[in-house]
Amino acid sequence: MIDFLYTNGWGAFIVMLLLQIPFLIVFFSVVNKKAFVDSEPSRTEPGKYSFARYSWLVIVVVAFFAINITSIKYMPTIIDANAASEDVTEVNVKARSWLYEISNKTYKVGETVRFIAESVDTVHSFAVYHPNGKLLFTMMLVPGAGTQSALTHTFTEPGEYKVRCLEYCGVAHHAMKNTLTVVN
Amino acid sequence: MSTAINIIEKVPFFGRMFKLEDNELNAVNAWPSLMAMTSFIWFFIAAVLGLTMPAIQFLDLGSNWYYQNITLHGAAMAFPFAFQLMVGMSLHRAGACLGKRADGLLVSLFYIFMNLGALLLTVAVLAGFHVTYTVMFPLPVVGVATGQWSMWVLVLGFSGIALVLTSMIFIYPIKILRMSFFEKKDENLQLAERSLKDPGMVGMIMGVLVLLVTGTPLMITATPLLLHLYGLLPAAWIAWAADPVVFEFVFYIFAHNLMEAMAIMVIGAVYATLPLCLADGARKLYSDKIANLALWILLVTSLTSFFHHFFTMYPALPATFVYHGNIMSYATAIGGALTIFTILATIWKHGIVATPALMLILGGFVMYILDGVSAIIISNVAWNFQLHGTMWAGGHAMVVLIAISALWMGMLYYHYPLMTNRVIDDSIARKSIKYFFLSYIGLFYSFAAAGAAGMPRRNAAWETEWYIYGALILIFGFMLLYAFVLYFLSLTKSKEIGY
């Protein structure tokens with residue numbers, strides 16, 4: 001469940017809804033009551049406002065700590081550290097308008113690949129899509145950054161993985177594609 | 001008669017929204033009205049261009065047209081529409097609250113620079129300068145080298161951008177700061193007295209300072225580039241400014257904080273307007289101190305949260321900046337949470353009069369908070385690697401502008417009688433607000449869902465599985481345009497006070 005939430009765009013969508021729906025309910029309830037049902041001043045005791053304020057802040061802070069602490073496992077630095085002890089295949093990627101030069105495009109299921117990528121002209125990205133259409137990750141490639149962008153990923157399923165550029169790079173940006181193959 | 005009133009009178013349809021009498025209040029009404037009117041014209045052009053984008057995909061009309069329209073749509077929405085509307089309304093507020101003139105050289109220069117710059121950029125884009133509104137440096141230069149557009153088009157486009165940025169980064173902030181601290185007060189113009197400690201005024205001053213401080217490095221970097229393009233500086237002198245990393249960072253330090261400044265300013269305006277619409281006539285917020293604290297938290301945390309634009313450069317962006325950007329982005333939500341509390345506590349304590357102005361302002365605030373949640377989600381490092389560069393990010397930029405515009409349009413409803421001596425058509429206004437909110441919700445979740453499904457932003461070749469999101473965006477886009485048309489009608493059908 002946690003894996004799904006943090007490794008999938010739809011996981012982000014669900015968490016977003018979980019944060020937004022309570023806000024919408026509370027906000028519209030208060031506005032509806034005080035605008036249309038009973039707009040008379042409320043006789044709520046001052047202490048209750050303070051309690052509500054502190055409770056609300058505690059909820060927000062706890063929610064944000066929970067979201068971010070749980071996500072640490074999925075950050076690239078941690079993934080890199082975990083992969084350090086494994087056998088990692090290094091793949092060099094050079095992006096230019098509007099093509100990729102990829103040193104190795106075929107991998108085995110279970111193989112951990114470290115993509116080391118750079119752009120030689122303008123800003124590009126190296127985004128890899130699962131065969132089912134899900135975006136696995138994207139890397140932003142800014143020319144002249146000094147250090148190449150790098151990301152480690154373990155392929156767990158066979159199939160054709162599409163590569164796309166997600167940073168607008170000119171009139172043929174949409175045609176900047178490639179394919180990676182993962183075999184059993 | 002003021003030049004601004006003369007121009008307004010000559011413009012068909014849009015000019016009818018701001019029929020002004022020639023009186024002593026023109027010093028705070030005329031130029032703000034002209035800016036609001038001009039911003040609506042830009043909106044109309046930008047909206048039509050926006051609606052053509054899904055249509056181009058469905059009818060397979062070609063990528064060039066798509067990239068042209070996405071550049072024009074984004075640039076027109078962000079600058080001559082949303083920003084100009086904000087400037088018009090904030091000049092009126094500053095003038096009427098502080099008793100200072102909202103006209104003169106700086107105001108007319110802002111108007112000329114903003115609109116002339118936007119026109120030059122439009123001509124350049126129509127001539128092939130398809131760089132999107134984020135410029136994507138060094139793409140403008142690479143585009144010339146690869147034959148995508150010509151050098152004169154680049155010079156024209158950059159000249160337009162330079163005029164727009166000068167108006168936003170220098171002229172407008174200097175005018176607001178002069179009005180706030182230096183210019184002579186005219187008691188006759190002070191229609192609703194406010195002090196500089198008032199949260200509404202604090203938000204405005206913070207906003208313009210953010211523009212000035214974060215925009216200046218961009219201008220220092222962009223000016224040598226432009227001078228080189230004009231042939232005034234040799235290439236060797238400007239190499240430092242042409243470094244893509246330098247330019248991208250100064251650009252996003254400004255662009256990110258531009259949105260934050262607009263948000264801080266508009267939250268300040270909500271703090272100023274909500275107390276005026278309370279049912280018990282208390283005319284005060286639940287707590288000015290908490291309101292001001294929220295603004296300060298938003299200001300301080302948002303300044304360095306811009307790193308989230310570069311998370312996916314890892315490790316070219318060092319991990320320490322990645323974490324800092326993640327933490328600061330989430331810390332902005334503390335300011336947001338305090339703002340939500342202040343607004344709800346004020347409403348709960350005093351009750352509200354549900355005028356169209358207040359309903360649009362509160363609707364805009366809800367839109368702003370919903371978008372803020374999507375923004376902090378994508379500012380988490382783990383999610384950023386799956387959402388950056390998708391429609392989630394594109395949608396965030398778009399809907400935050402809709403939210404901010406809705407808030408300023410609500411302010412315009414509130415100030416309209418004072419500006420024009422006319423009252424809006426109440427029933428059309430309420431209908432407009434309903435469609436405004438529904439279309440926003442539709443657009444917001446369509447963009448977010450498209451991003452969650454991995455649909456790239458700014459991509460002229462949609463895959464079949466993405467068409468559903470494009471169709472939804474088209475439908476809700478039409479609905480939003482309808483809401484705006486109703487909004488315009490509520491102004492053109494306004495009636496003179498006393499009739």
# chains A, B, ... in the order shown; residues from 1 in each chain; ligands from 1

$ residues_around --residues "Val31 (chain A)" --least-positions-apart "6" --cutoff "8 Å" --atoms "only C-alpha atoms" --output "short mmCIF file (atom, residue, chain, number, x, y, z; two decimals) with N, CA and C atoms, in the first residue's frame"
data_model
loop_
_atom_site.label_atom_id
_atom_site.label_comp_id
_atom_site.auth_asym_id
_atom_site.auth_seq_id
_atom_site.Cartn_x
_atom_site.Cartn_y
_atom_site.Cartn_z
N LEU B 344 -11.76 31.21 8.55
CA LEU B 344 -12.93 30.47 9.08
C LEU B 344 -13.35 31.01 10.44
N ILE B 347 -15.26 34.21 9.95
CA ILE B 347 -16.62 33.96 9.43
C ILE B 347 -17.50 33.40 10.54
N TRP B 348 -16.96 32.45 11.31
CA TRP B 348 -17.73 31.81 12.38
C TRP B 348 -18.13 32.82 13.47
#

$ residues_around --residues "region 11-19 of chain A" --least-positions-apart "4" --cutoff "12 Å" --atoms "only C-alpha atoms" --output "ChimeraX atom specification"
/A:1-7,23-26,59-60,63-64,66-68,71,134 /B:333,337,369-387,392,444-454

$ write_last_selection --atoms "N, CA and C atoms" --output "short mmCIF file (atom, residue, chain, number, x, y, z; two decimals), in the first residue's frame"
data_model
loop_
_atom_site.label_atom_id
_atom_site.label_comp_id
_atom_site.auth_asym_id
_atom_site.auth_seq_id
_atom_site.Cartn_x
_atom_site.Cartn_y
_atom_site.Cartn_z
N MET A 1 0.84 -1.22 0.00
CA MET A 1 0.00 0.00 0.00
C MET A 1 0.87 1.27 0.00
N ILE A 2 1.86 1.31 0.94
CA ILE A 2 2.74 2.48 1.01
C ILE A 2 3.55 2.58 -0.28
N ASP A 3 4.00 1.41 -0.78
CA ASP A 3 4.75 1.39 -2.04
C ASP A 3 3.92 2.02 -3.16
N PHE A 4 2.64 1.63 -3.22
CA PHE A 4 1.76 2.16 -4.27
C PHE A 4 1.64 3.68 -4.14
N LEU A 5 1.44 4.16 -2.91
CA LEU A 5 1.22 5.59 -2.70
C LEU A 5 2.42 6.42 -3.18
N TYR A 6 3.62 5.90 -2.94
CA TYR A 6 4.80 6.73 -3.21
C TYR A 6 5.51 6.44 -4.53
N THR A 7 5.08 5.40 -5.22
CA THR A 7 5.77 5.08 -6.48
C THR A 7 4.82 5.19 -7.67
N PHE A 23 -10.96 19.48 4.12
CA PHE A 23 -10.95 20.95 4.04
C PHE A 23 -12.23 21.46 3.37
N LEU A 24 -12.58 20.84 2.24
CA LEU A 24 -13.77 21.29 1.51
C LEU A 24 -15.03 21.15 2.37
N ILE A 25 -15.14 20.02 3.07
CA ILE A 25 -16.33 19.79 3.90
C ILE A 25 -16.43 20.86 4.99
N VAL A 26 -15.33 21.08 5.71
CA VAL A 26 -15.35 22.03 6.82
C VAL A 26 -15.59 23.45 6.30
N ILE A 59 -2.77 18.91 13.76
CA ILE A 59 -3.18 17.98 12.69
C ILE A 59 -2.35 18.22 11.43
N VAL A 60 -2.20 19.51 11.07
CA VAL A 60 -1.45 19.84 9.85
C VAL A 60 0.01 19.40 9.97
N ALA A 63 0.31 15.58 9.96
CA ALA A 63 0.06 15.04 8.61
C ALA A 63 1.28 15.26 7.73
N PHE A 64 1.86 16.45 7.80
CA PHE A 64 2.99 16.74 6.92
C PHE A 64 4.24 15.95 7.32
N ALA A 66 4.15 13.02 8.75
CA ALA A 66 3.86 11.63 8.36
C ALA A 66 4.12 11.42 6.88
N ILE A 67 3.61 12.36 6.07
CA ILE A 67 3.78 12.22 4.60
C ILE A 67 5.26 12.21 4.24
N ASN A 68 6.03 13.13 4.81
CA ASN A 68 7.43 13.26 4.39
C ASN A 68 8.34 12.20 4.99
N SER A 71 7.99 9.04 3.17
CA SER A 71 8.49 9.08 1.79
C SER A 71 10.01 8.94 1.70
N LYS A 134 2.38 3.82 -16.96
CA LYS A 134 2.73 4.55 -15.73
C LYS A 134 4.13 5.17 -15.86
N ALA B 333 2.82 25.50 3.93
CA ALA B 333 1.47 25.06 4.27
C ALA B 333 1.10 25.45 5.70
N ALA B 337 -2.24 27.08 6.57
CA ALA B 337 -3.15 26.55 7.60
C ALA B 337 -3.61 27.68 8.53
N ILE B 369 -6.38 27.20 -2.06
CA ILE B 369 -5.96 26.17 -1.10
C ILE B 369 -5.91 24.79 -1.78
N LEU B 370 -6.92 24.48 -2.61
CA LEU B 370 -6.90 23.18 -3.31
C LEU B 370 -5.63 23.07 -4.14
N ASP B 371 -5.32 24.15 -4.85
CA ASP B 371 -4.11 24.13 -5.67
C ASP B 371 -2.86 24.03 -4.81
N GLY B 372 -2.90 24.70 -3.65
CA GLY B 372 -1.75 24.64 -2.75
C GLY B 372 -1.47 23.22 -2.30
N VAL B 373 -2.53 22.43 -2.08
CA VAL B 373 -2.33 21.03 -1.68
C VAL B 373 -1.65 20.26 -2.81
N SER B 374 -2.10 20.50 -4.04
CA SER B 374 -1.47 19.79 -5.17
C SER B 374 0.00 20.22 -5.29
N ALA B 375 0.28 21.49 -4.95
CA ALA B 375 1.65 22.00 -5.05
C ALA B 375 2.56 21.34 -4.02
N ILE B 376 2.06 21.16 -2.79
CA ILE B 376 2.95 20.55 -1.80
C ILE B 376 3.10 19.05 -2.04
N ILE B 377 2.08 18.44 -2.65
CA ILE B 377 2.23 17.02 -2.99
C ILE B 377 3.40 16.85 -3.97
N ILE B 378 3.42 17.67 -5.01
CA ILE B 378 4.48 17.53 -6.03
C ILE B 378 5.82 18.03 -5.49
N SER B 379 5.79 18.74 -4.36
CA SER B 379 7.05 19.21 -3.76
C SER B 379 7.69 18.19 -2.84
N ASN B 380 7.04 17.05 -2.69
CA ASN B 380 7.67 15.94 -1.99
C ASN B 380 8.62 15.26 -2.97
N VAL B 381 9.84 15.00 -2.53
CA VAL B 381 10.88 14.52 -3.46
C VAL B 381 10.45 13.23 -4.16
N ALA B 382 9.90 12.30 -3.39
CA ALA B 382 9.54 11.00 -3.97
C ALA B 382 8.49 11.16 -5.08
N TRP B 383 7.44 11.93 -4.81
CA TRP B 383 6.39 12.11 -5.83
C TRP B 383 6.88 12.96 -6.98
N ASN B 384 7.80 13.88 -6.71
CA ASN B 384 8.26 14.78 -7.76
C ASN B 384 8.85 14.01 -8.94
N PHE B 385 9.51 12.89 -8.64
CA PHE B 385 10.14 12.12 -9.71
C PHE B 385 9.10 11.44 -10.61
N GLN B 386 7.84 11.36 -10.14
CA GLN B 386 6.79 10.77 -10.99
C GLN B 386 5.82 11.81 -11.55
N LEU B 387 5.93 13.05 -11.09
CA LEU B 387 4.95 14.05 -11.52
C LEU B 387 5.56 15.25 -12.23
N TRP B 392 0.27 17.40 -14.22
CA TRP B 392 0.08 17.81 -12.82
C TRP B 392 0.75 19.17 -12.59
N PHE B 444 -9.19 21.51 -12.53
CA PHE B 444 -8.17 21.15 -11.55
C PHE B 444 -7.98 19.63 -11.49
N TYR B 445 -9.09 18.91 -11.31
CA TYR B 445 -8.96 17.45 -11.16
C TYR B 445 -8.64 16.76 -12.50
N SER B 446 -9.06 17.36 -13.62
CA SER B 446 -8.69 16.78 -14.92
C SER B 446 -7.18 16.86 -15.12
N PHE B 447 -6.61 18.02 -14.82
CA PHE B 447 -5.16 18.19 -14.96
C PHE B 447 -4.41 17.26 -14.00
N ALA B 448 -4.89 17.21 -12.75
CA ALA B 448 -4.18 16.37 -11.76
C ALA B 448 -4.26 14.89 -12.16
N ALA B 449 -5.43 14.46 -12.63
CA ALA B 449 -5.58 13.06 -13.04
C ALA B 449 -4.70 12.77 -14.25
N ALA B 450 -4.64 13.71 -15.19
CA ALA B 450 -3.78 13.52 -16.37
C ALA B 450 -2.33 13.38 -15.93
N GLY B 451 -1.92 14.20 -14.97
CA GLY B 451 -0.55 14.11 -14.46
C GLY B 451 -0.31 12.79 -13.76
N ALA B 452 -1.29 12.35 -12.96
CA ALA B 452 -1.15 11.06 -12.26
C ALA B 452 -1.02 9.92 -13.26
N ALA B 453 -1.67 10.08 -14.43
CA ALA B 453 -1.59 9.04 -15.46
C ALA B 453 -0.32 9.17 -16.30
N GLY B 454 0.51 10.15 -15.99
CA GLY B 454 1.80 10.29 -16.69
C GLY B 454 1.74 11.10 -17.97
#

$ residues_around --residues "Glu90 (chain A)" --least-positions-apart "6" --cutoff "8 Å" --atoms "only C-alpha atoms" --output "ChimeraX atom specification"
/A:113-116

$ select_by_dssp --residues "region 246-492 of chain B" --states "strand (DSSP E or B)" --output "tab-separated table (two decimals) with C-alpha atoms, in the first residue's frame"
chain	number	residue	atom	x	y	z
B	278	LEU	CA	-19.22	40.70	8.11
B	352	ILE	CA	-21.04	37.09	6.64
B	390	THR	CA	3.52	16.04	-16.39
B	422	ARG	CA	-22.26	51.71	-10.72
B	423	VAL	CA	-23.49	48.42	-9.22
B	456	PRO	CA	3.35	15.00	-20.37

$ residues_around --residues "Lys197 (chain B)" --least-positions-apart "6" --cutoff "10 Å" --atoms "only C-alpha atoms" --output "list of chain:residue names"
B:Gly203, B:Asp288, B:Lys289, B:Asn292
